[in-house]
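S.K.: Below are the structure tokens for one structure; questions will follow.
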Amino acid sequence: MARFPKPAEGSWTQHYPHLETGAVSYEDSISPGFYALEREAVFRRAWLQVGRVEQLPRNGSFFTRELAVADTSLIVVRGLDGEVRAFHNICRHRGNKLVWTDFPREETRGVVRQFACKYHGWRYDLDGRCVFAQQEGEFFDLDKADHSLVPVHCDVFAGFIFVNLDREPSQSLREFLGPMLLAIEDYPFHEMTDRYSFRVECRANWKVFNDAFMEFYHAPVVHLGQHPRHMRAMIKDAGYEAPHYQIEGPHGVVTTAGSLHRGWEMPPENVKPADLATRSGLFGAWEVPDLGELPPGINPAGVQPWGLSSFQFFPNFAIVIWQTGWYNTHQFWPTSHNTLMFEGHVCSVPPRNASGRIAREMAAVAFKEYALQDANTLEATQLGLESRVVERFPLNDQEVLVRNFHQAVGSWVGEYERKRAKG
Ligand code: FES
Ligand SMILES: [Fe+2]
């Protein structure tokens, strides 16, 4: 594998002086009090990814999102003008949840011209305006114009729909994302409409889970099973080092080299039999679609051979773009201080034939298998942290994004507390 120089200071971490190199506390991942602050300081202030524009194919298409972290539910809808908007999913009459199907706590989707409340029948148009109040004359000076659905700031980047629950976000979505993430905008996400989706509830703090998707130091250990048995001792001993890390504000990217990604170039005995049979695996289908020239921001350091770039969108979303012409996403939704709902999507251009379908099934199944390997380990990590037997933990240079991520959460919480103290 080609080697790539680290920054001048000799380490990724020291390239970013604000990070320092000391051992860190994980109290932020086990404290219910800190979680209560994060909900306000991070999840009610940051831009949060909630879905793709392909989920809203027509004017009138909508889906709901349950956001336990903010104690709310959202309606995300494409209006008759084609614009994507978001509203809190709450009827203005007496607070009934407006849109749900069989079970009030479950998400739903569909196509409508108006939203009608299941309680007393008030109706709202797709812009959120209240257009009908049952027996309106019975009310006292009711002005329907004052009873629109409560809007949520909503914007779209590269087909990903983001919301911001702050009444007045301090930054636009594009300001929040910054140049490093904006540089992937022209990747052909819109062509990758073949999508497998997974959700799993896990007993770990959302940051503890996110940490494992920001470094590959664990890969030769936790995911050793991806290699044929005769290679495992060698791979475990060699360890792994990613060739490029980059930080911009709270966000980050890590790029890996691609020598292991090219199963078709490896001796067959070094490839798992299931991968050989399906011409696919964890690294995606071997038949790589022609996507044309990719934006340079996909591989910001020009690593060759390139494997993947994993873009960390603060606070809880990541897009992993693979050399093999597909992408997947990770998202980490806290449900309490020590539980989360992990959501993953595996997206590629639709297959052209049956073997392409099998290759995609294999890639999706491999993704699920590896995510579950992480989930299992991270429940164990949470247990260890919660014992509070050890108070400080060393992070190595490959854990630089982990260090930055926890610092970013800490500084958002600190800023929120300072503002609150000032009133
Ligand atoms: S609560 Fe919705 S119409 Fe009464
Ligand atoms: Fe992992």
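Chain labels follow the order of the structure tokens: the first chain is A, the next B, and so on; residue numbering restarts at 1 in every chain, and ligands are counted from 1 in their shown order.
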Go through chain A residue by residue and, counting only C-alpha atoms and all ligand atoms, keep those with an atom at most 10 Å from ligand 1; for each kept residue give the shortest atom pair and its distance in Å to one decimal, ordered by chain and increasing number, as a tab-separated table.
M.R.:
```
residue	atom	partner	partner_atom_place_in_ligand_line	distance
A:Ile90	CA	ligand 1	2 (Fe)	7.9
A:Cys91	CA	ligand 1	2 (Fe)	4.6
A:Arg92	CA	ligand 1	2 (Fe)	6.4
A:His93	CA	ligand 1	1 (S)	4.6
A:Arg94	CA	ligand 1	1 (S)	3.9
A:Gly95	CA	ligand 1	1 (S)	5.1
A:Asn96	CA	ligand 1	1 (S)	4.4
A:Lys97	CA	ligand 1	2 (Fe)	7.5
A:Leu98	CA	ligand 1	2 (Fe)	6.6
A:Ala116	CA	ligand 1	3 (S)	7.9
A:Cys117	CA	ligand 1	2 (Fe)	4.6
A:Lys118	CA	ligand 1	2 (Fe)	6.5
A:Tyr119	CA	ligand 1	4 (Fe)	4.9
A:His120	CA	ligand 1	3 (S)	3.7
A:Gly121	CA	ligand 1	3 (S)	4.7
A:Trp122	CA	ligand 1	3 (S)	4.3
A:Arg123	CA	ligand 1	3 (S)	7.7
A:Phe132	CA	ligand 1	3 (S)	9.4
A:Ala133	CA	ligand 1	3 (S)	7.3
A:Gln134	CA	ligand 1	3 (S)	7.5
```
S.K.: Give me, as JSON lines, the closest atom pair and its distance (Å, one decimal) for every residue of chain A within a cut-off of 8 Å of ligand 2, counting only C-alpha atoms and all ligand atoms, rows sorted by chain and rising number.
M.R.:
```
{"residue": "A:Ala212", "atom": "CA", "partner": "ligand 2", "partner_atom_place_in_ligand_line": "1 (Fe)", "distance": 5.7}
{"residue": "A:Phe213", "atom": "CA", "partner": "ligand 2", "partner_atom_place_in_ligand_line": "1 (Fe)", "distance": 6.0}
{"residue": "A:Phe216", "atom": "CA", "partner": "ligand 2", "partner_atom_place_in_ligand_line": "1 (Fe)", "distance": 7.0}
{"residue": "A:His218", "atom": "CA", "partner": "ligand 2", "partner_atom_place_in_ligand_line": "1 (Fe)", "distance": 6.5}
{"residue": "A:Ala219", "atom": "CA", "partner": "ligand 2", "partner_atom_place_in_ligand_line": "1 (Fe)", "distance": 5.7}
{"residue": "A:Val222", "atom": "CA", "partner": "ligand 2", "partner_atom_place_in_ligand_line": "1 (Fe)", "distance": 6.5}
{"residue": "A:His223", "atom": "CA", "partner": "ligand 2", "partner_atom_place_in_ligand_line": "1 (Fe)", "distance": 6.6}
{"residue": "A:Tyr370", "atom": "CA", "partner": "ligand 2", "partner_atom_place_in_ligand_line": "1 (Fe)", "distance": 6.4}
{"residue": "A:Ala371", "atom": "CA", "partner": "ligand 2", "partner_atom_place_in_ligand_line": "1 (Fe)", "distance": 6.4}
{"residue": "A:Gln373", "atom": "CA", "partner": "ligand 2", "partner_atom_place_in_ligand_line": "1 (Fe)", "distance": 7.0}
{"residue": "A:Asp374", "atom": "CA", "partner": "ligand 2", "partner_atom_place_in_ligand_line": "1 (Fe)", "distance": 4.9}
```
S.K.: Take the residues from that selection and put them in a file with N, CA and C atoms, as a compact mmCIF listing (two decimals), in the first residue's frame.
M.R.:
```
# COMPACT_ATOMS: atom_id res chain seq x y z
N ALA A 212 -17.18 4.90 16.79
CA ALA A 212 -16.66 3.72 16.08
C ALA A 212 -16.75 3.86 14.57
N PHE A 213 -17.45 4.89 14.11
CA PHE A 213 -17.58 5.11 12.67
C PHE A 213 -16.69 6.26 12.22
N PHE A 216 -10.71 3.78 12.05
CA PHE A 216 -10.58 2.42 11.53
C PHE A 216 -9.56 1.62 12.35
N HIS A 218 -10.13 0.19 15.01
CA HIS A 218 -10.78 -1.03 15.51
C HIS A 218 -11.00 -2.07 14.40
N ALA A 219 -10.89 -1.64 13.14
CA ALA A 219 -11.34 -2.51 12.05
C ALA A 219 -10.64 -3.88 12.02
N VAL A 222 -12.35 -5.77 15.44
CA VAL A 222 -13.80 -6.03 15.47
C VAL A 222 -14.25 -6.72 14.18
N HIS A 223 -13.67 -6.32 13.06
CA HIS A 223 -14.16 -6.82 11.77
C HIS A 223 -13.20 -7.81 11.12
N TYR A 370 -21.63 -6.00 9.56
CA TYR A 370 -20.54 -5.24 10.17
C TYR A 370 -21.06 -4.20 11.15
N ALA A 371 -22.21 -3.59 10.82
CA ALA A 371 -22.80 -2.63 11.76
C ALA A 371 -23.20 -3.34 13.06
N GLN A 373 -21.73 -5.98 14.27
CA GLN A 373 -20.49 -6.25 15.01
C GLN A 373 -20.11 -5.03 15.85
N ASP A 374 -20.24 -3.84 15.26
CA ASP A 374 -19.95 -2.62 16.01
C ASP A 374 -20.93 -2.47 17.18
```
S.K.: Wanna dump the segment 213-255 of chain A-segment 306-322 of chain A contacts at 10 Å for me, each residue with its shortest atom pair and the distance in Å to one decimal, counting only C-alpha atoms, ordered by chain and number, as a tab-separated table?
M.R.:
```
residue	atom	partner	partner_atom	distance
A:Phe213	CA	A:Ala318	CA	8.3
A:Met214	CA	A:Gln312	CA	7.5
A:Glu215	CA	A:Ser310	CA	9.5
A:Ala242	CA	A:Gly307	CA	9.9
A:Pro243	CA	A:Trp306	CA	9.5
A:His244	CA	A:Ser309	CA	9.1
A:Tyr245	CA	A:Ser309	CA	9.5
A:Gln246	CA	A:Phe311	CA	9.5
A:Ile247	CA	A:Gln312	CA	9.3
A:Gly249	CA	A:Phe314	CA	9.0
A:Pro250	CA	A:Phe314	CA	5.8
A:His251	CA	A:Phe314	CA	5.2
A:Gly252	CA	A:Gln312	CA	5.0
A:Val253	CA	A:Phe311	CA	4.5
A:Val254	CA	A:Ser310	CA	5.3
A:Thr255	CA	A:Ser309	CA	4.2
```
S.K.: Can those selected residues be exported to a file as a short mmCIF file (atom, residue, chain, number, x, y, z; two decimals), in the first residue's frame so that it contains all heavy atoms?
M.R.:
```cif
data_model
loop_
_atom_site.label_atom_id
_atom_site.label_comp_id
_atom_site.auth_asym_id
_atom_site.auth_seq_id
_atom_site.Cartn_x
_atom_site.Cartn_y
_atom_site.Cartn_z
N PHE A 213 -17.45 4.89 14.11
CA PHE A 213 -17.58 5.11 12.67
C PHE A 213 -16.69 6.26 12.22
O PHE A 213 -16.77 6.74 11.10
CB PHE A 213 -19.05 5.34 12.31
CG PHE A 213 -19.88 4.11 12.53
CD1 PHE A 213 -20.33 3.77 13.80
CD2 PHE A 213 -20.18 3.24 11.49
CE1 PHE A 213 -21.06 2.61 14.02
CE2 PHE A 213 -20.91 2.09 11.69
CZ PHE A 213 -21.35 1.77 12.96
N MET A 214 -15.81 6.73 13.13
CA MET A 214 -14.89 7.83 12.81
C MET A 214 -13.46 7.36 12.79
O MET A 214 -12.57 8.18 12.59
CB MET A 214 -14.98 8.92 13.89
CG MET A 214 -16.30 9.61 13.94
SD MET A 214 -16.16 11.02 15.03
CE MET A 214 -17.86 11.52 15.04
N GLU A 215 -13.23 6.12 13.11
CA GLU A 215 -11.84 5.61 13.10
C GLU A 215 -11.85 4.18 12.59
O GLU A 215 -12.85 3.48 12.70
CB GLU A 215 -11.22 5.71 14.50
CG GLU A 215 -12.04 5.13 15.65
CD GLU A 215 -11.78 3.67 15.95
OE1 GLU A 215 -11.04 3.02 15.21
OE2 GLU A 215 -12.38 3.18 16.92
N ALA A 242 -5.31 4.84 8.45
CA ALA A 242 -5.91 5.56 7.33
C ALA A 242 -4.96 6.64 6.85
O ALA A 242 -4.27 7.27 7.66
CB ALA A 242 -7.24 6.17 7.76
N PRO A 243 -4.91 6.90 5.55
CA PRO A 243 -3.95 7.86 5.01
C PRO A 243 -4.35 9.33 5.13
O PRO A 243 -3.53 10.20 4.89
CB PRO A 243 -3.84 7.46 3.54
CG PRO A 243 -5.14 6.80 3.23
CD PRO A 243 -5.59 6.13 4.50
N HIS A 244 -5.60 9.63 5.43
CA HIS A 244 -5.96 11.05 5.50
C HIS A 244 -7.10 11.31 6.48
O HIS A 244 -8.13 10.64 6.43
CB HIS A 244 -6.37 11.56 4.12
CG HIS A 244 -6.67 13.03 4.09
ND1 HIS A 244 -5.70 13.99 4.28
CD2 HIS A 244 -7.84 13.72 3.94
CE1 HIS A 244 -6.24 15.20 4.22
NE2 HIS A 244 -7.54 15.06 4.02
N TYR A 245 -6.86 12.29 7.34
CA TYR A 245 -7.91 12.81 8.23
C TYR A 245 -7.98 14.32 8.03
O TYR A 245 -6.96 14.97 7.83
CB TYR A 245 -7.57 12.56 9.70
CG TYR A 245 -7.57 11.11 10.10
CD1 TYR A 245 -6.41 10.36 10.06
CD2 TYR A 245 -8.75 10.51 10.52
CE1 TYR A 245 -6.42 9.03 10.43
CE2 TYR A 245 -8.76 9.17 10.90
CZ TYR A 245 -7.59 8.44 10.85
OH TYR A 245 -7.61 7.14 11.21
N GLN A 246 -9.18 14.85 8.11
CA GLN A 246 -9.33 16.30 7.98
C GLN A 246 -10.47 16.75 8.88
O GLN A 246 -11.50 16.07 8.98
CB GLN A 246 -9.63 16.64 6.51
CG GLN A 246 -9.51 18.11 6.17
CD GLN A 246 -9.62 18.32 4.67
OE1 GLN A 246 -9.17 17.49 3.87
NE2 GLN A 246 -10.21 19.44 4.29
N ILE A 247 -10.28 17.90 9.49
CA ILE A 247 -11.27 18.44 10.42
C ILE A 247 -11.62 19.84 9.96
O ILE A 247 -10.73 20.60 9.55
CB ILE A 247 -10.69 18.47 11.85
CG1 ILE A 247 -10.67 17.05 12.42
CG2 ILE A 247 -11.47 19.41 12.75
CD1 ILE A 247 -9.86 16.93 13.69
N GLY A 249 -14.14 22.69 11.69
CA GLY A 249 -15.13 22.98 12.73
C GLY A 249 -15.52 21.68 13.41
O GLY A 249 -14.65 20.87 13.77
N PRO A 250 -16.82 21.43 13.59
CA PRO A 250 -17.24 20.21 14.27
C PRO A 250 -17.24 18.98 13.35
O PRO A 250 -17.42 17.86 13.81
CB PRO A 250 -18.66 20.54 14.72
CG PRO A 250 -19.16 21.49 13.69
CD PRO A 250 -17.96 22.30 13.25
N HIS A 251 -17.08 19.19 12.05
CA HIS A 251 -17.19 18.11 11.07
C HIS A 251 -15.82 17.47 10.80
O HIS A 251 -14.78 18.05 11.14
CB HIS A 251 -17.74 18.63 9.74
CG HIS A 251 -18.93 19.53 9.88
ND1 HIS A 251 -20.16 19.08 10.32
CD2 HIS A 251 -19.07 20.86 9.64
CE1 HIS A 251 -21.01 20.11 10.33
NE2 HIS A 251 -20.37 21.18 9.93
N GLY A 252 -15.83 16.31 10.14
CA GLY A 252 -14.55 15.66 9.84
C GLY A 252 -14.68 14.75 8.63
O GLY A 252 -15.78 14.44 8.16
N VAL A 253 -13.53 14.36 8.09
CA VAL A 253 -13.52 13.33 7.05
C VAL A 253 -12.31 12.44 7.27
O VAL A 253 -11.25 12.90 7.68
CB VAL A 253 -13.52 13.94 5.62
CG1 VAL A 253 -12.33 14.82 5.37
CG2 VAL A 253 -13.55 12.84 4.57
N VAL A 254 -12.50 11.16 7.03
CA VAL A 254 -11.39 10.21 7.02
C VAL A 254 -11.45 9.46 5.69
O VAL A 254 -12.52 9.08 5.24
CB VAL A 254 -11.43 9.24 8.23
CG1 VAL A 254 -12.78 8.59 8.41
CG2 VAL A 254 -10.33 8.19 8.11
N THR A 255 -10.29 9.33 5.07
CA THR A 255 -10.19 8.62 3.80
C THR A 255 -9.34 7.37 4.00
O THR A 255 -8.33 7.42 4.70
CB THR A 255 -9.51 9.52 2.74
OG1 THR A 255 -10.31 10.69 2.58
CG2 THR A 255 -9.39 8.83 1.40
#
```
S.K.: Find the residues around Pro305 of chain A up to 7 Å (only C-alpha atoms counted), leave out those fewer than 6 positions away in its own chain, and share them as a PyMOL selection string.
M.R.: chain A and resi 257-259
S.K.: Can you write just those residues out, all heavy atoms, as a compact mmCIF listing (two decimals), in the first residue's frame?
M.R.:
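Generated file (part-v8.txt):
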```txt
# COMPACT_ATOMS: atom_id res chain seq x y z
N ALA A 257 -7.28 3.99 2.06
CA ALA A 257 -6.72 3.53 0.79
C ALA A 257 -7.49 2.29 0.33
O ALA A 257 -8.14 1.62 1.12
CB ALA A 257 -5.24 3.22 0.95
N GLY A 258 -7.39 1.99 -0.97
CA GLY A 258 -8.34 1.04 -1.52
C GLY A 258 -7.82 -0.31 -1.91
O GLY A 258 -8.51 -1.06 -2.61
N SER A 259 -6.64 -0.71 -1.44
CA SER A 259 -6.10 -1.96 -1.95
C SER A 259 -6.99 -3.16 -1.62
O SER A 259 -7.14 -4.07 -2.44
CB SER A 259 -4.68 -2.17 -1.44
OG SER A 259 -4.59 -1.79 -0.10
```
S.K.: Each residue of segment 272-328 of chain A lying at most 7 Å from segment 183-204 of chain A should get a row with its shortest atom-to-atom pair and the distance in Å to one decimal, counting only C-alpha atoms; could you produce that, ordered by chain and increasing number, as CSV?
M.R.:
```
residue,atom,partner,partner_atom,distance
A:Leu294,CA,A:Tyr187,CA,6.2
A:Pro295,CA,A:Asp186,CA,6.2
A:Gly297,CA,A:Ala183,CA,4.7
A:Ile298,CA,A:Ile184,CA,5.7
```
S.K.: Tell me, which residues of segment 201-367 of chain A carry DSSP alpha helix (DSSP H), written as number ranges by chain?
M.R.: A: 206-211, 219-222, 232-238, 273-278, 354-367
S.K.: For the atom pair atom CA of Arg58 of chain A and atom CA of His88 of chain A, what is the interatomic distance in Å to one decimal place?
M.R.: 20.8 Å
S.K.: Residues within 10 Å of segment 66-68 of chain A, please, as a compact mmCIF listing (two decimals) with N, CA, C and O atoms, in the first residue's frame. Count only C-alpha atoms; anything in the same chain fewer than 5 positions from it doesn't count.
M.R.:
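Result went into around.txt, see below:
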```txt
# COMPACT_ATOMS: atom_id res chain seq x y z
N ARG A 39 -29.39 17.81 24.43
CA ARG A 39 -30.66 17.88 23.70
C ARG A 39 -30.96 19.33 23.33
O ARG A 39 -31.43 19.61 22.23
N PHE A 43 -28.99 19.26 19.71
CA PHE A 43 -30.05 18.77 18.83
C PHE A 43 -31.14 19.79 18.53
O PHE A 43 -31.84 19.67 17.54
N VAL A 50 -32.69 14.44 7.91
CA VAL A 50 -33.88 13.64 8.19
C VAL A 50 -34.36 12.79 7.01
O VAL A 50 -35.34 12.06 7.15
N SER A 73 -42.35 15.23 16.78
CA SER A 73 -42.50 14.49 15.53
C SER A 73 -42.60 15.55 14.44
O SER A 73 -43.13 16.63 14.67
N LEU A 74 -42.03 15.25 13.28
CA LEU A 74 -42.06 16.22 12.18
C LEU A 74 -42.83 15.66 10.99
O LEU A 74 -42.82 14.44 10.76
N ILE A 75 -43.47 16.57 10.25
CA ILE A 75 -43.99 16.24 8.93
C ILE A 75 -43.04 16.89 7.93
O ILE A 75 -42.78 18.09 8.03
N ASN A 89 -45.48 18.07 13.92
CA ASN A 89 -46.64 17.21 13.61
C ASN A 89 -47.69 17.33 14.71
O ASN A 89 -48.01 16.35 15.38
N ARG A 105 -47.18 6.32 17.61
CA ARG A 105 -45.73 6.47 17.80
C ARG A 105 -44.94 6.01 16.58
O ARG A 105 -43.71 6.10 16.59
N GLU A 106 -45.61 5.51 15.56
CA GLU A 106 -44.87 5.01 14.40
C GLU A 106 -44.86 6.03 13.27
O GLU A 106 -45.84 6.72 13.04
N GLU A 107 -43.75 6.04 12.53
CA GLU A 107 -43.64 6.95 11.39
C GLU A 107 -44.53 6.47 10.24
O GLU A 107 -44.87 5.28 10.17
N THR A 108 -44.88 7.39 9.37
CA THR A 108 -45.72 7.02 8.24
C THR A 108 -45.34 7.89 7.05
O THR A 108 -44.54 8.81 7.17
N TRP A 333 -29.30 8.39 16.43
CA TRP A 333 -30.34 9.19 17.09
C TRP A 333 -30.44 8.77 18.55
O TRP A 333 -30.87 7.66 18.85
N PRO A 334 -30.04 9.66 19.48
CA PRO A 334 -30.16 9.27 20.88
C PRO A 334 -31.62 9.09 21.28
O PRO A 334 -32.49 9.82 20.80
N THR A 335 -31.87 8.12 22.14
CA THR A 335 -33.20 7.95 22.71
C THR A 335 -33.15 8.12 24.23
O THR A 335 -34.19 8.20 24.87
N SER A 336 -31.96 8.12 24.81
CA SER A 336 -31.75 8.44 26.22
C SER A 336 -30.25 8.65 26.35
O SER A 336 -29.52 8.60 25.35
N LEU A 340 -29.57 4.42 21.84
CA LEU A 340 -29.75 5.13 20.58
C LEU A 340 -30.44 4.24 19.57
O LEU A 340 -30.55 3.03 19.75
N MET A 341 -30.92 4.91 18.53
CA MET A 341 -31.44 4.18 17.38
C MET A 341 -30.46 4.46 16.24
O MET A 341 -30.24 5.61 15.87
```
S.K.: Skip segment 407-415 of chain A itself and residues of its chain fewer than 5 positions away, then list as a list in words all residues within 7 Å of it, counting only C-alpha atoms.
M.R.: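 Using only C-alpha atoms, the neighbours found are Leu37, Glu38, Ala41, Val42 and Pro250 of chain A.
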S.K.: As a PyMOL selection string, which residues of segment 54-235 of chain A does DSSP assign to strand (DSSP E or B)?
M.R.: chain A and resi 61-67+72-78+84-88+90+97+109-111+114-116+123-125+130-132+151-157+160-164+194-202
S.K.: Calculated over only C-alpha atoms, which of the candidates A:Phe405, A:Phe160, A:Trp12, A:Phe87 has the smallest distance to Gln55 of chain A?
M.R.: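 With only C-alpha atoms as the atom set, the closest residue is A:Phe160.
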S.K.: Hey, can you check how far atom CA of Lys368 of chain A sits from atom CA of Leu282 of chain A?
M.R.: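 Pair atom CA of Lys368 of chain A / atom CA of Leu282 of chain A returns 9.3 Å.
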